[in-house]
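The file model_0.pdb contains PDB, C-alpha atoms:
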```pdb
ATOM      1  CA  ALA Y   1     -15.775-200.495 274.439
ATOM      2  CA  GLN Y   2     -13.889-198.901 271.596
ATOM      3  CA  THR Y   3     -15.754-196.008 270.025
ATOM      4  CA  VAL Y   4     -15.044-193.094 267.710
ATOM      5  CA  THR Y   5     -17.196-189.988 267.531
ATOM      6  CA  GLN Y   6     -17.216-187.471 264.725
ATOM      7  CA  SER Y   7     -19.702-184.787 265.691
ATOM      8  CA  GLN Y   8     -19.687-182.882 262.403
ATOM      9  CA  PRO Y   9     -21.665-184.781 259.760
ATOM     10  CA  GLU Y  10     -21.029-182.127 257.130
ATOM     11  CA  MET Y  11     -18.662-179.235 256.688
ATOM     12  CA  SER Y  12     -17.721-176.874 253.919
ATOM     13  CA  VAL Y  13     -14.722-174.665 253.297
ATOM     14  CA  GLN Y  14     -13.709-172.160 250.677
ATOM     15  CA  GLU Y  15     -10.893-173.138 248.396
ATOM     16  CA  ALA Y  16      -7.486-172.125 249.826
ATOM     17  CA  GLU Y  17      -8.906-171.745 253.336
ATOM     18  CA  THR Y  18      -8.224-173.909 256.393
ATOM     19  CA  VAL Y  19     -10.672-176.318 257.979
ATOM     20  CA  THR Y  20     -10.538-178.516 261.076
ATOM     21  CA  LEU Y  21     -12.433-181.784 261.439
ATOM     22  CA  SER Y  22     -13.104-183.048 264.960
ATOM     23  CA  CYS Y  23     -12.786-186.542 266.333
ATOM     24  CA  THR Y  24     -12.957-188.002 269.811
ATOM     25  CA  TYR Y  25     -12.462-191.628 270.719
ATOM     26  CA  ASP Y  26     -12.706-193.902 273.674
ATOM     27  CA  THR Y  27     -10.535-196.846 274.580
ATOM     28  CA  SER Y  28      -9.100-198.300 277.744
ATOM     29  CA  GLU Y  29      -5.975-199.356 275.898
ATOM     30  CA  ASN Y  30      -2.784-197.359 276.209
ATOM     31  CA  ASN Y  31      -1.083-198.366 272.983
ATOM     32  CA  TYR Y  32      -2.936-197.596 269.803
ATOM     33  CA  TYR Y  33      -2.676-195.841 266.486
ATOM     34  CA  LEU Y  34      -4.965-193.171 265.100
ATOM     35  CA  PHE Y  35      -5.748-192.494 261.482
ATOM     36  CA  TRP Y  36      -7.637-190.198 259.210
ATOM     37  CA  TYR Y  37      -8.922-191.755 256.020
ATOM     38  CA  LYS Y  38     -10.416-189.941 253.049
ATOM     39  CA  GLN Y  39     -13.110-191.491 250.878
ATOM     40  CA  PRO Y  40     -13.845-189.491 247.725
ATOM     41  CA  PRO Y  41     -16.872-190.205 245.535
ATOM     42  CA  SER Y  42     -14.804-192.865 243.785
ATOM     43  CA  ARG Y  43     -15.175-194.833 247.085
ATOM     44  CA  GLN Y  44     -11.493-195.702 247.445
ATOM     45  CA  MET Y  45     -10.504-195.285 251.085
ATOM     46  CA  ILE Y  46      -7.204-193.409 251.188
ATOM     47  CA  LEU Y  47      -4.981-193.023 254.225
ATOM     48  CA  VAL Y  48      -4.384-189.340 254.902
ATOM     49  CA  ILE Y  49      -2.350-189.325 258.098
ATOM     50  CA  ARG Y  50      -1.462-191.509 261.066
ATOM     51  CA  GLN Y  51      -0.471-190.840 264.661
ATOM     52  CA  GLU Y  52       1.094-193.181 267.184
ATOM     53  CA  ALA Y  53      -0.469-192.705 270.614
ATOM     54  CA  TYR Y  54       2.908-192.920 272.349
ATOM     55  CA  LYS Y  55       4.222-189.939 270.396
ATOM     56  CA  GLN Y  56       3.491-186.495 271.762
ATOM     57  CA  GLN Y  57       4.481-184.728 268.576
ATOM     58  CA  ASN Y  58       1.578-184.119 266.244
ATOM     59  CA  ALA Y  59       1.832-185.753 262.839
ATOM     60  CA  THR Y  60       2.037-183.654 259.704
ATOM     61  CA  GLU Y  61       1.719-184.696 256.093
ATOM     62  CA  ASN Y  62       2.024-181.795 253.657
ATOM     63  CA  ARG Y  63      -1.208-179.747 253.998
ATOM     64  CA  PHE Y  64      -2.643-182.157 256.572
ATOM     65  CA  SER Y  65      -1.850-182.032 260.262
ATOM     66  CA  VAL Y  66      -3.411-183.355 263.429
ATOM     67  CA  ASN Y  67      -3.956-182.036 266.913
ATOM     68  CA  PHE Y  68      -3.624-185.069 269.171
ATOM     69  CA  GLN Y  69      -4.676-184.622 272.788
ATOM     70  CA  LYS Y  70      -4.244-188.010 274.436
ATOM     71  CA  ALA Y  71      -5.658-187.106 277.828
ATOM     72  CA  ALA Y  72      -8.773-185.667 276.220
ATOM     73  CA  LYS Y  73      -8.882-188.527 273.681
ATOM     74  CA  SER Y  74      -9.180-186.018 270.891
ATOM     75  CA  PHE Y  75      -7.704-186.291 267.413
ATOM     76  CA  SER Y  76      -8.634-183.466 265.052
ATOM     77  CA  LEU Y  77      -7.518-183.049 261.449
ATOM     78  CA  LYS Y  78      -6.516-179.696 260.020
ATOM     79  CA  ILE Y  79      -6.469-179.206 256.273
ATOM     80  CA  SER Y  80      -4.616-176.112 255.122
ATOM     81  CA  ASP Y  81      -4.912-174.451 251.713
ATOM     82  CA  SER Y  82      -7.983-176.554 250.894
ATOM     83  CA  GLN Y  83      -8.232-177.808 247.335
ATOM     84  CA  LEU Y  84     -11.180-179.006 245.294
ATOM     85  CA  GLY Y  85      -9.726-182.493 245.367
ATOM     86  CA  ASP Y  86     -10.106-182.539 249.142
ATOM     87  CA  THR Y  87     -13.862-182.894 248.725
ATOM     88  CA  ALA Y  88     -14.640-186.271 250.274
ATOM     89  CA  MET Y  89     -15.874-188.135 253.326
ATOM     90  CA  TYR Y  90     -13.298-188.139 256.085
ATOM     91  CA  PHE Y  91     -13.193-190.937 258.608
ATOM     92  CA  CYS Y  92     -11.357-190.938 261.886
ATOM     93  CA  ALA Y  93     -10.243-194.400 263.008
ATOM     94  CA  PHE Y  94      -7.996-196.158 265.478
ATOM     95  CA  ILE Y  95      -6.513-199.580 266.020
ATOM     96  CA  VAL Y  96      -5.171-201.004 269.256
ATOM     97  CA  GLN Y  97      -1.667-202.385 269.208
ATOM     98  CA  THR Y  98      -2.465-205.639 270.930
ATOM     99  CA  GLY Y  99      -5.328-208.029 270.554
ATOM    100  CA  ALA Y 100      -7.807-207.390 267.785
ATOM    101  CA  ASN Y 101      -6.364-205.987 264.614
ATOM    102  CA  ASN Y 102      -9.408-204.200 263.314
ATOM    103  CA  LEU Y 103      -9.985-200.522 262.769
ATOM    104  CA  PHE Y 104     -12.727-198.749 264.697
ATOM    105  CA  PHE Y 105     -14.253-196.019 262.556
ATOM    106  CA  GLY Y 106     -16.253-192.905 263.229
ATOM    107  CA  THR Y 107     -19.349-192.078 261.217
ATOM    108  CA  GLY Y 108     -17.495-189.674 258.982
ATOM    109  CA  THR Y 109     -17.562-185.988 258.076
ATOM    110  CA  ARG Y 110     -18.559-184.987 254.574
ATOM    111  CA  LEU Y 111     -16.295-182.128 253.520
ATOM    112  CA  THR Y 112     -17.105-179.957 250.537
ATOM    113  CA  VAL Y 113     -14.542-177.520 249.182
ATOM    114  CA  ILE Y 114     -16.249-174.590 247.509
ATOM    115  CA  PRO Y 115     -14.496-172.931 244.580
TER
ATOM    116  CA  LYS U 116       3.628-201.922 243.969
ATOM    117  CA  ALA U 117       0.107-202.616 242.883
ATOM    118  CA  GLY U 118      -2.579-201.699 245.373
ATOM    119  CA  VAL U 119      -5.313-203.822 246.838
ATOM    120  CA  THR U 120      -7.662-205.106 244.182
ATOM    121  CA  GLN U 121     -11.212-206.323 244.572
ATOM    122  CA  THR U 122     -13.460-208.141 242.170
ATOM    123  CA  PRO U 123     -16.100-207.707 241.070
ATOM    124  CA  ARG U 124     -16.673-203.978 241.511
ATOM    125  CA  TYR U 125     -20.434-204.272 241.270
ATOM    126  CA  LEU U 126     -22.778-207.141 241.950
ATOM    127  CA  ILE U 127     -26.528-207.497 241.886
ATOM    128  CA  LYS U 128     -28.140-210.501 243.542
ATOM    129  CA  THR U 129     -31.575-211.497 244.738
ATOM    130  CA  ARG U 130     -32.643-212.510 248.210
ATOM    131  CA  GLY U 131     -31.722-216.042 249.121
ATOM    132  CA  GLN U 132     -28.781-216.269 246.752
ATOM    133  CA  GLN U 133     -25.187-216.480 247.831
ATOM    134  CA  VAL U 134     -22.248-214.372 246.718
ATOM    135  CA  THR U 135     -18.460-214.587 246.748
ATOM    136  CA  LEU U 136     -16.240-211.525 246.729
ATOM    137  CA  SER U 137     -12.518-211.592 246.062
ATOM    138  CA  CYS U 138      -9.628-209.508 247.338
ATOM    139  CA  SER U 139      -5.962-209.511 246.365
ATOM    140  CA  PRO U 140      -3.737-207.736 248.887
ATOM    141  CA  ILE U 141      -0.647-205.685 248.248
ATOM    142  CA  SER U 142       2.257-207.971 247.444
ATOM    143  CA  GLY U 143       3.954-209.115 250.638
ATOM    144  CA  HIS U 144       0.991-208.323 252.896
ATOM    145  CA  ARG U 145      -0.284-211.382 254.724
ATOM    146  CA  SER U 146      -3.080-209.709 256.683
ATOM    147  CA  VAL U 147      -6.402-209.124 254.953
ATOM    148  CA  SER U 148      -9.412-207.565 256.652
ATOM    149  CA  TRP U 149     -12.956-207.130 255.420
ATOM    150  CA  TYR U 150     -15.350-204.313 256.283
ATOM    151  CA  GLN U 151     -18.967-203.645 255.476
ATOM    152  CA  GLN U 152     -19.992-200.049 254.802
ATOM    153  CA  THR U 153     -23.646-199.009 254.888
ATOM    154  CA  PRO U 154     -25.301-195.591 255.281
ATOM    155  CA  GLY U 155     -27.039-196.725 258.462
ATOM    156  CA  GLN U 156     -24.311-198.671 260.275
ATOM    157  CA  GLY U 157     -21.213-197.031 258.847
ATOM    158  CA  LEU U 158     -18.037-199.067 258.593
ATOM    159  CA  GLN U 159     -18.127-202.335 260.454
ATOM    160  CA  PHE U 160     -15.413-204.939 260.759
ATOM    161  CA  LEU U 161     -16.243-208.384 259.426
ATOM    162  CA  PHE U 162     -13.098-210.484 259.882
ATOM    163  CA  GLU U 163      -9.355-210.615 259.463
ATOM    164  CA  TYR U 164      -7.220-213.319 257.963
ATOM    165  CA  PHE U 165      -3.525-213.840 258.395
ATOM    166  CA  SER U 166      -1.563-216.651 256.788
ATOM    167  CA  GLU U 167      -4.742-218.543 255.875
ATOM    168  CA  THR U 168      -6.128-218.372 259.435
ATOM    169  CA  GLN U 169      -9.001-216.268 260.671
ATOM    170  CA  ARG U 170      -7.449-214.195 263.403
ATOM    171  CA  ASN U 171     -10.337-211.965 264.378
ATOM    172  CA  LYS U 172     -14.055-211.774 263.718
ATOM    173  CA  GLY U 173     -16.638-209.021 264.046
ATOM    174  CA  ASN U 174     -20.213-209.290 265.174
ATOM    175  CA  PHE U 175     -21.854-210.665 262.049
ATOM    176  CA  PRO U 176     -24.039-213.745 261.597
ATOM    177  CA  GLY U 177     -22.613-217.023 260.405
ATOM    178  CA  ARG U 178     -23.919-216.337 256.894
ATOM    179  CA  PHE U 179     -20.796-214.242 256.477
ATOM    180  CA  SER U 180     -17.676-216.303 256.055
ATOM    181  CA  GLY U 181     -14.295-215.985 254.504
ATOM    182  CA  ARG U 182     -11.087-217.705 253.705
ATOM    183  CA  GLN U 183      -7.569-216.930 252.671
ATOM    184  CA  PHE U 184      -5.355-218.769 250.261
ATOM    185  CA  SER U 185      -1.644-219.487 250.412
ATOM    186  CA  ASN U 186      -0.930-216.497 248.135
ATOM    187  CA  SER U 187      -2.759-214.262 250.662
ATOM    188  CA  ARG U 188      -5.707-213.653 248.347
ATOM    189  CA  SER U 189      -8.930-213.696 250.292
ATOM    190  CA  GLU U 190     -12.554-214.375 249.544
ATOM    191  CA  MET U 191     -15.624-213.612 251.536
ATOM    192  CA  ASN U 192     -18.898-215.395 251.085
ATOM    193  CA  VAL U 193     -22.377-214.374 252.078
ATOM    194  CA  SER U 194     -25.035-217.048 251.955
ATOM    195  CA  THR U 195     -28.819-216.654 251.954
ATOM    196  CA  LEU U 196     -28.630-212.998 251.059
ATOM    197  CA  GLU U 197     -30.946-210.525 252.734
ATOM    198  CA  LEU U 198     -31.912-207.039 251.616
ATOM    199  CA  GLY U 199     -29.906-205.630 254.508
ATOM    200  CA  ASP U 200     -26.719-207.123 253.088
ATOM    201  CA  SER U 201     -26.712-204.459 250.395
ATOM    202  CA  ALA U 202     -23.537-202.548 251.086
ATOM    203  CA  LEU U 203     -20.084-201.593 249.971
ATOM    204  CA  TYR U 204     -17.667-204.329 251.003
ATOM    205  CA  LEU U 205     -14.141-203.114 251.529
ATOM    206  CA  CYS U 206     -11.046-205.198 251.792
ATOM    207  CA  ALA U 207      -7.825-203.942 253.353
ATOM    208  CA  SER U 208      -4.351-205.361 253.651
ATOM    209  CA  ARG U 209      -1.697-204.582 256.201
ATOM    210  CA  PRO U 210       2.059-205.169 256.321
ATOM    211  CA  ASP U 211       3.343-207.501 259.026
ATOM    212  CA  LEU U 212       5.228-204.753 260.828
ATOM    213  CA  GLY U 213       2.830-201.894 260.319
ATOM    214  CA  ASN U 214      -0.560-200.775 261.533
ATOM    215  CA  GLU U 215      -1.795-198.915 258.480
ATOM    216  CA  GLN U 216      -4.452-200.688 256.512
ATOM    217  CA  PHE U 217      -4.567-200.098 252.776
ATOM    218  CA  PHE U 218      -7.967-200.393 251.200
ATOM    219  CA  GLY U 219      -9.189-201.667 247.888
ATOM    220  CA  PRO U 220     -11.845-199.900 245.810
ATOM    221  CA  GLY U 221     -14.632-202.034 247.238
ATOM    222  CA  THR U 222     -17.384-204.201 245.844
ATOM    223  CA  ARG U 223     -20.843-202.671 245.711
ATOM    224  CA  LEU U 224     -23.366-205.432 246.444
ATOM    225  CA  THR U 225     -27.031-204.794 245.784
ATOM    226  CA  VAL U 226     -29.569-207.343 246.969
ATOM    227  CA  LEU U 227     -32.995-207.140 245.324
TER
END
```

Reformat the file's structure so that it appears as C-alpha coordinates.
Amino acid sequence: AQTVTQSQPEMSVQEAETVTLSCTYDTSENNYYLFWYKQPPSRQMILVIRQEAYKQQNATENRFSVNFQKAAKSFSLKISDSQLGDTAMYFCAFIVQTGANNLFFGTGTRLTVIP
Amino acid sequence: KAGVTQTPRYLIKTRGQQVTLSCSPISGHRSVSWYQQTPGQGLQFLFEYFSETQRNKGNFPGRFSGRQFSNSRSEMNVSTLELGDSALYLCASRPDLGNEQFFGPGTRLTVL
(Lines of atoms letter the chains of each structure in order from A and count residues from 1; the text may use other names and numbers.)
(Lines give C-alpha, C1' and ligand atoms only; values in the text may rest on other atoms or scores of the structure.)
Protein backbone atom coordinates (compact mmCIF):
# COMPACT_ATOMS: atom_id res chain seq x y z
CA ALA A 1 0.00 0.00 0.00
CA GLN A 2 1.08 3.54 -0.71
CA THR A 3 0.76 5.81 2.30
CA VAL A 4 1.97 9.22 3.43
CA THR A 5 2.13 10.29 7.05
CA GLN A 6 2.39 13.84 8.30
CA SER A 7 2.54 13.65 12.08
CA GLN A 8 2.29 17.38 12.77
CA PRO A 9 -1.29 18.59 12.25
CA GLU A 10 -0.40 22.15 13.18
CA MET A 11 2.75 24.18 13.54
CA SER A 12 3.62 27.80 14.03
CA VAL A 13 6.76 29.81 13.44
CA GLN A 14 7.83 33.38 14.01
CA GLU A 15 8.35 35.50 10.97
CA ALA A 16 11.94 35.26 9.65
CA GLU A 17 12.59 32.04 11.57
CA THR A 18 13.10 28.54 10.18
CA VAL A 19 10.63 25.68 10.44
CA THR A 20 10.75 22.03 9.40
CA LEU A 21 7.69 20.00 8.44
CA SER A 22 7.94 16.21 8.69
CA CYS A 23 6.74 13.59 6.27
CA THR A 24 7.21 9.85 6.03
CA TYR A 25 5.88 7.61 3.31
CA ASP A 26 5.62 3.99 2.44
CA THR A 27 5.87 2.34 -0.94
CA SER A 28 7.36 -0.83 -2.32
CA GLU A 29 8.23 0.93 -5.55
CA ASN A 30 11.77 2.06 -6.24
CA ASN A 31 11.09 4.82 -8.74
CA TYR A 32 8.90 7.64 -7.56
CA TYR A 33 8.72 11.38 -7.14
CA LEU A 34 8.04 13.32 -3.97
CA PHE A 35 6.38 16.68 -3.67
CA TRP A 36 5.41 19.33 -1.21
CA TYR A 37 2.30 21.29 -2.07
CA LYS A 38 1.04 24.42 -0.35
CA GLN A 39 -2.65 25.22 -0.05
CA PRO A 40 -3.33 28.74 1.25
CA PRO A 41 -6.79 29.85 2.37
CA SER A 42 -7.55 30.66 -1.26
CA ARG A 43 -7.58 26.84 -1.76
CA GLN A 44 -5.30 26.81 -4.80
CA MET A 45 -2.86 23.92 -4.46
CA ILE A 46 0.60 25.21 -5.35
CA LEU A 47 3.65 23.06 -5.99
CA VAL A 48 6.45 24.10 -3.65
CA ILE A 49 9.22 21.63 -4.39
CA ARG A 50 9.83 18.23 -5.96
CA GLN A 51 12.39 15.49 -5.45
CA GLU A 52 13.21 12.54 -7.68
CA ALA A 53 13.77 9.41 -5.61
CA TYR A 54 16.77 8.38 -7.71
CA LYS A 55 18.60 11.60 -6.87
CA GLN A 56 20.60 11.69 -3.67
CA GLN A 57 21.00 15.44 -3.71
CA ASN A 58 18.32 17.25 -1.77
CA ALA A 59 16.17 19.65 -3.77
CA THR A 60 16.23 23.36 -3.03
CA GLU A 61 13.93 26.08 -4.26
CA ASN A 62 14.79 29.52 -2.89
CA ARG A 63 13.79 29.49 0.82
CA PHE A 64 12.46 25.93 0.59
CA SER A 65 14.61 22.84 0.86
CA VAL A 66 14.04 19.19 1.60
CA ASN A 67 15.83 16.54 3.59
CA PHE A 68 15.27 13.32 1.66
CA GLN A 69 16.26 10.09 3.40
CA LYS A 70 15.32 7.29 1.03
CA ALA A 71 16.22 4.39 3.29
CA ALA A 72 14.15 5.87 6.11
CA LYS A 73 11.41 6.91 3.66
CA SER A 74 11.48 10.39 5.09
CA PHE A 75 10.95 13.64 3.21
CA SER A 76 10.92 16.76 5.38
CA LEU A 77 10.48 20.34 4.21
CA LYS A 78 12.51 23.20 5.63
CA ILE A 79 11.29 26.75 5.21
CA SER A 80 13.89 29.40 5.92
CA ASP A 81 13.23 33.07 6.63
CA SER A 82 9.51 32.37 7.06
CA GLN A 83 7.16 34.97 5.64
CA LEU A 84 3.53 35.76 6.39
CA GLY A 85 2.62 34.50 2.95
CA ASP A 86 3.87 31.05 3.92
CA THR A 87 0.82 30.60 6.13
CA ALA A 88 -1.02 27.67 4.57
CA MET A 89 -1.71 23.95 4.68
CA TYR A 90 1.26 21.95 3.48
CA PHE A 91 0.78 18.56 1.92
CA CYS A 92 3.43 15.97 1.31
CA ALA A 93 2.72 13.72 -1.67
CA PHE A 94 4.34 11.19 -3.96
CA ILE A 95 3.67 9.54 -7.28
CA VAL A 96 5.14 6.30 -8.57
CA GLN A 97 6.84 6.40 -11.93
CA THR A 98 5.12 3.36 -13.36
CA GLY A 99 1.57 2.18 -13.18
CA ALA A 100 -0.97 4.47 -11.59
CA ASN A 101 -0.45 8.14 -12.20
CA ASN A 102 -2.13 9.50 -9.12
CA LEU A 103 -0.68 11.42 -6.23
CA PHE A 104 -0.83 9.95 -2.74
CA PHE A 105 -1.25 12.73 -0.19
CA GLY A 106 -0.62 13.07 3.50
CA THR A 107 -3.19 14.65 5.79
CA GLY A 108 -1.41 17.98 5.80
CA THR A 109 0.26 20.32 8.28
CA ARG A 110 -1.32 23.67 8.98
CA LEU A 111 1.49 26.21 9.26
CA THR A 112 0.92 29.63 10.77
CA VAL A 113 3.58 32.32 10.49
CA ILE A 114 3.34 34.73 13.39
CA PRO A 115 4.33 38.34 12.81
CA LYS B 1 0.52 30.02 -20.14
CA ALA B 2 -2.83 30.06 -18.46
CA GLY B 3 -3.21 27.75 -15.50
CA VAL B 4 -5.76 25.07 -14.86
CA THR B 5 -9.26 26.47 -14.70
CA GLN B 6 -12.32 24.98 -13.08
CA THR B 7 -15.94 25.96 -13.31
CA PRO B 8 -18.03 26.64 -11.43
CA ARG B 9 -16.13 27.71 -8.31
CA TYR B 10 -19.08 27.13 -6.02
CA LEU B 11 -22.10 24.90 -6.33
CA ILE B 12 -25.01 24.14 -4.05
CA LYS B 13 -27.18 21.12 -4.76
CA THR B 14 -29.71 19.02 -2.91
CA ARG B 15 -29.62 15.31 -2.22
CA GLY B 16 -30.60 13.19 -5.17
CA GLN B 17 -29.60 15.73 -7.79
CA GLN B 18 -26.72 15.33 -10.16
CA VAL B 19 -23.88 17.73 -10.88
CA THR B 20 -21.29 18.29 -13.59
CA LEU B 21 -17.98 19.98 -12.93
CA SER B 22 -15.63 21.22 -15.63
CA CYS B 23 -11.86 21.47 -15.87
CA SER B 24 -9.65 22.99 -18.54
CA PRO B 25 -6.02 21.89 -18.30
CA ILE B 26 -2.91 23.87 -19.07
CA SER B 27 -2.47 24.15 -22.81
CA GLY B 28 -0.60 21.13 -24.15
CA HIS B 29 -1.34 18.92 -21.14
CA ARG B 30 -3.24 15.78 -22.08
CA SER B 31 -3.48 14.24 -18.62
CA VAL B 32 -6.22 15.43 -16.29
CA SER B 33 -6.78 14.03 -12.81
CA TRP B 34 -9.57 14.67 -10.34
CA TYR B 35 -9.32 14.65 -6.55
CA GLN B 36 -11.85 15.00 -3.79
CA GLN B 37 -10.81 16.92 -0.67
CA THR B 38 -12.79 16.62 2.56
CA PRO B 39 -11.86 17.40 6.18
CA GLY B 40 -12.44 13.79 7.18
CA GLN B 41 -10.86 11.85 4.30
CA GLY B 42 -8.30 14.36 3.08
CA LEU B 43 -7.30 14.30 -0.56
CA GLN B 44 -8.46 11.26 -2.45
CA PHE B 45 -7.88 10.39 -6.08
CA LEU B 46 -10.98 9.99 -8.22
CA PHE B 47 -9.75 9.27 -11.75
CA GLU B 48 -7.32 10.26 -14.46
CA TYR B 49 -7.95 10.85 -18.12
CA PHE B 50 -5.44 10.91 -20.91
CA SER B 51 -6.30 11.51 -24.54
CA GLU B 52 -10.02 10.97 -23.91
CA THR B 53 -9.44 7.62 -22.15
CA GLN B 54 -9.79 6.88 -18.47
CA ARG B 55 -6.38 5.59 -17.51
CA ASN B 56 -6.77 5.14 -13.79
CA LYS B 57 -9.59 5.14 -11.26
CA GLY B 58 -9.73 5.54 -7.49
CA ASN B 59 -11.97 3.78 -5.04
CA PHE B 60 -15.20 5.69 -5.51
CA PRO B 61 -18.70 4.42 -6.30
CA GLY B 62 -20.03 4.36 -9.82
CA ARG B 63 -22.01 7.54 -9.14
CA PHE B 64 -18.77 9.35 -9.86
CA SER B 65 -17.89 9.42 -13.52
CA GLY B 66 -15.93 11.54 -15.89
CA ARG B 67 -14.95 12.11 -19.44
CA GLN B 68 -12.43 13.99 -21.47
CA PHE B 69 -12.89 15.76 -24.75
CA SER B 70 -10.59 15.99 -27.75
CA ASN B 71 -9.31 19.40 -26.56
CA SER B 72 -8.31 17.75 -23.24
CA ARG B 73 -11.01 19.54 -21.26
CA SER B 74 -12.54 17.21 -18.73
CA GLU B 75 -15.81 16.95 -16.90
CA MET B 76 -16.75 14.94 -13.89
CA ASN B 77 -20.28 14.01 -13.02
CA VAL B 78 -21.78 12.93 -9.74
CA SER B 79 -25.24 11.44 -9.86
CA THR B 80 -27.71 10.93 -7.01
CA LEU B 81 -25.87 13.29 -4.73
CA GLU B 82 -25.43 12.42 -1.08
CA LEU B 83 -24.59 14.70 1.83
CA GLY B 84 -21.17 13.07 2.04
CA ASP B 85 -20.33 14.28 -1.46
CA SER B 86 -19.92 17.80 -0.11
CA ALA B 87 -16.28 18.55 -0.77
CA LEU B 88 -13.74 20.56 -2.65
CA TYR B 89 -13.15 18.93 -6.03
CA LEU B 90 -9.73 19.60 -7.46
CA CYS B 91 -8.60 19.05 -10.98
CA ALA B 92 -4.95 18.76 -11.97
CA SER B 93 -3.15 18.53 -15.27
CA ARG B 94 0.23 17.06 -16.02
CA PRO B 95 2.62 17.38 -18.95
CA ASP B 96 3.32 14.23 -20.95
CA LEU B 97 6.97 14.11 -19.92
CA GLY B 98 6.67 15.33 -16.37
CA ASN B 99 5.39 14.10 -13.04
CA GLU B 100 4.32 17.38 -11.49
CA GLN B 101 0.61 17.91 -11.33
CA PHE B 102 -0.67 21.47 -11.56
CA PHE B 103 -3.91 22.14 -9.78
CA GLY B 104 -6.87 24.34 -10.50
CA PRO B 105 -8.61 26.45 -7.86
CA GLY B 106 -11.22 23.79 -7.20
CA THR B 107 -14.99 23.63 -7.14
CA ARG B 108 -16.64 23.77 -3.74
CA LEU B 109 -19.71 21.51 -3.84
CA THR B 110 -22.23 21.70 -1.03
CA VAL B 111 -25.00 19.13 -0.88
CA LEU B 112 -28.00 20.07 1.26

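All chain U residues having an atom within 7 Å of chain Y, based on all atoms listed in the file, amount to U:Gly157, U:Leu158, U:Phe160, U:Asn171, U:Phe218, U:Gly219, U:Pro220.
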
**OP:** Show which residues sit within 12 Å of Phe64 (chain Y), as a list of chain:residue names. Count all atoms listed in the file, and ignore same-chain residues fewer than 4 positions away.
**Re:** Y:Thr18, Y:Val19, Y:Thr20, Y:Leu21, Y:Phe35, Y:Trp36, Y:Tyr37, Y:Lys38, Y:Leu47, Y:Val48, Y:Ile49, Y:Arg50, Y:Asn58, Y:Ala59, Y:Thr60, Y:Ser76, Y:Leu77, Y:Lys78, Y:Ile79, Y:Ser80, Y:Asp81, Y:Ser82, Y:Gln83, Y:Asp86

**OP:** Check which residues satisfy the PyMOL selection byres ((chain U and resi 141) around 6) in the file shown, then give them as JSON, numbers by chain.
**Re:** {"U": [118, 119, 140, 142, 144]}

Original post:
If you measure from CA of Gln133 (chain U) to CA of Gly221 (chain U), what distance in Å do you get, rounded to one decimal?
Top reply: 17.9 Å

Original post:
Which residues match the PyMOL selection byres ((chain U and resi 186-188) around 10) in the file above, as an NGL selection string?
Top reply: :U and (119-121 or 137-147 or 164-167 or 182-185 or 189-190 or 208)

Going by the chain IDs and residue numbers used in this file, which residues fall under the PyMOL selection byres ((chain U and resi 179) around 9)? Write them as a PDB file with C-alpha atoms, keeping the file's coordinate frame.
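Result went into expr08.pdb, see below:
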```pdb
ATOM      1  CA  LEU U 161     -16.243-208.384 259.426  1.00  0.00           C
ATOM      2  CA  PHE U 175     -21.854-210.665 262.049  1.00  0.00           C
ATOM      3  CA  PRO U 176     -24.039-213.745 261.597  1.00  0.00           C
ATOM      4  CA  GLY U 177     -22.613-217.023 260.405  1.00  0.00           C
ATOM      5  CA  ARG U 178     -23.919-216.337 256.894  1.00  0.00           C
ATOM      6  CA  SER U 180     -17.676-216.303 256.055  1.00  0.00           C
ATOM      7  CA  GLY U 181     -14.295-215.985 254.504  1.00  0.00           C
ATOM      8  CA  MET U 191     -15.624-213.612 251.536  1.00  0.00           C
ATOM      9  CA  ASN U 192     -18.898-215.395 251.085  1.00  0.00           C
ATOM     10  CA  VAL U 193     -22.377-214.374 252.078  1.00  0.00           C
ATOM     11  CA  SER U 194     -25.035-217.048 251.955  1.00  0.00           C
TER      12      SER U 194
END
```

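Distances from Y:Ser74, Y:Tyr90, Y:Glu15, Y:Thr109 to Thr3 (chain Y) were compared using all atoms listed in the file, and the smallest one belongs to Y:Ser74.
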
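Residues lying within 7 Å of region 7-14 of chain Y, counting all atoms listed in the file and ignoring same-chain neighbours fewer than 3 positions away, are Glu17, Val19, Ser22, Gly108, Thr109, Arg110, Leu111, Thr112, Val113, Ile114 and Pro115 of chain Y.
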
Generate the output file for the selected residues, C-alpha atoms, as a short mmCIF file (atom, residue, chain, number, x, y, z; two decimals), in the frame of the given file.
```
data_model
loop_
_atom_site.label_atom_id
_atom_site.label_comp_id
_atom_site.auth_asym_id
_atom_site.auth_seq_id
_atom_site.Cartn_x
_atom_site.Cartn_y
_atom_site.Cartn_z
CA GLU Y 17 -8.91 -171.74 253.34
CA VAL Y 19 -10.67 -176.32 257.98
CA SER Y 22 -13.10 -183.05 264.96
CA GLY Y 108 -17.50 -189.67 258.98
CA THR Y 109 -17.56 -185.99 258.08
CA ARG Y 110 -18.56 -184.99 254.57
CA LEU Y 111 -16.30 -182.13 253.52
CA THR Y 112 -17.10 -179.96 250.54
CA VAL Y 113 -14.54 -177.52 249.18
CA ILE Y 114 -16.25 -174.59 247.51
CA PRO Y 115 -14.50 -172.93 244.58
#
```
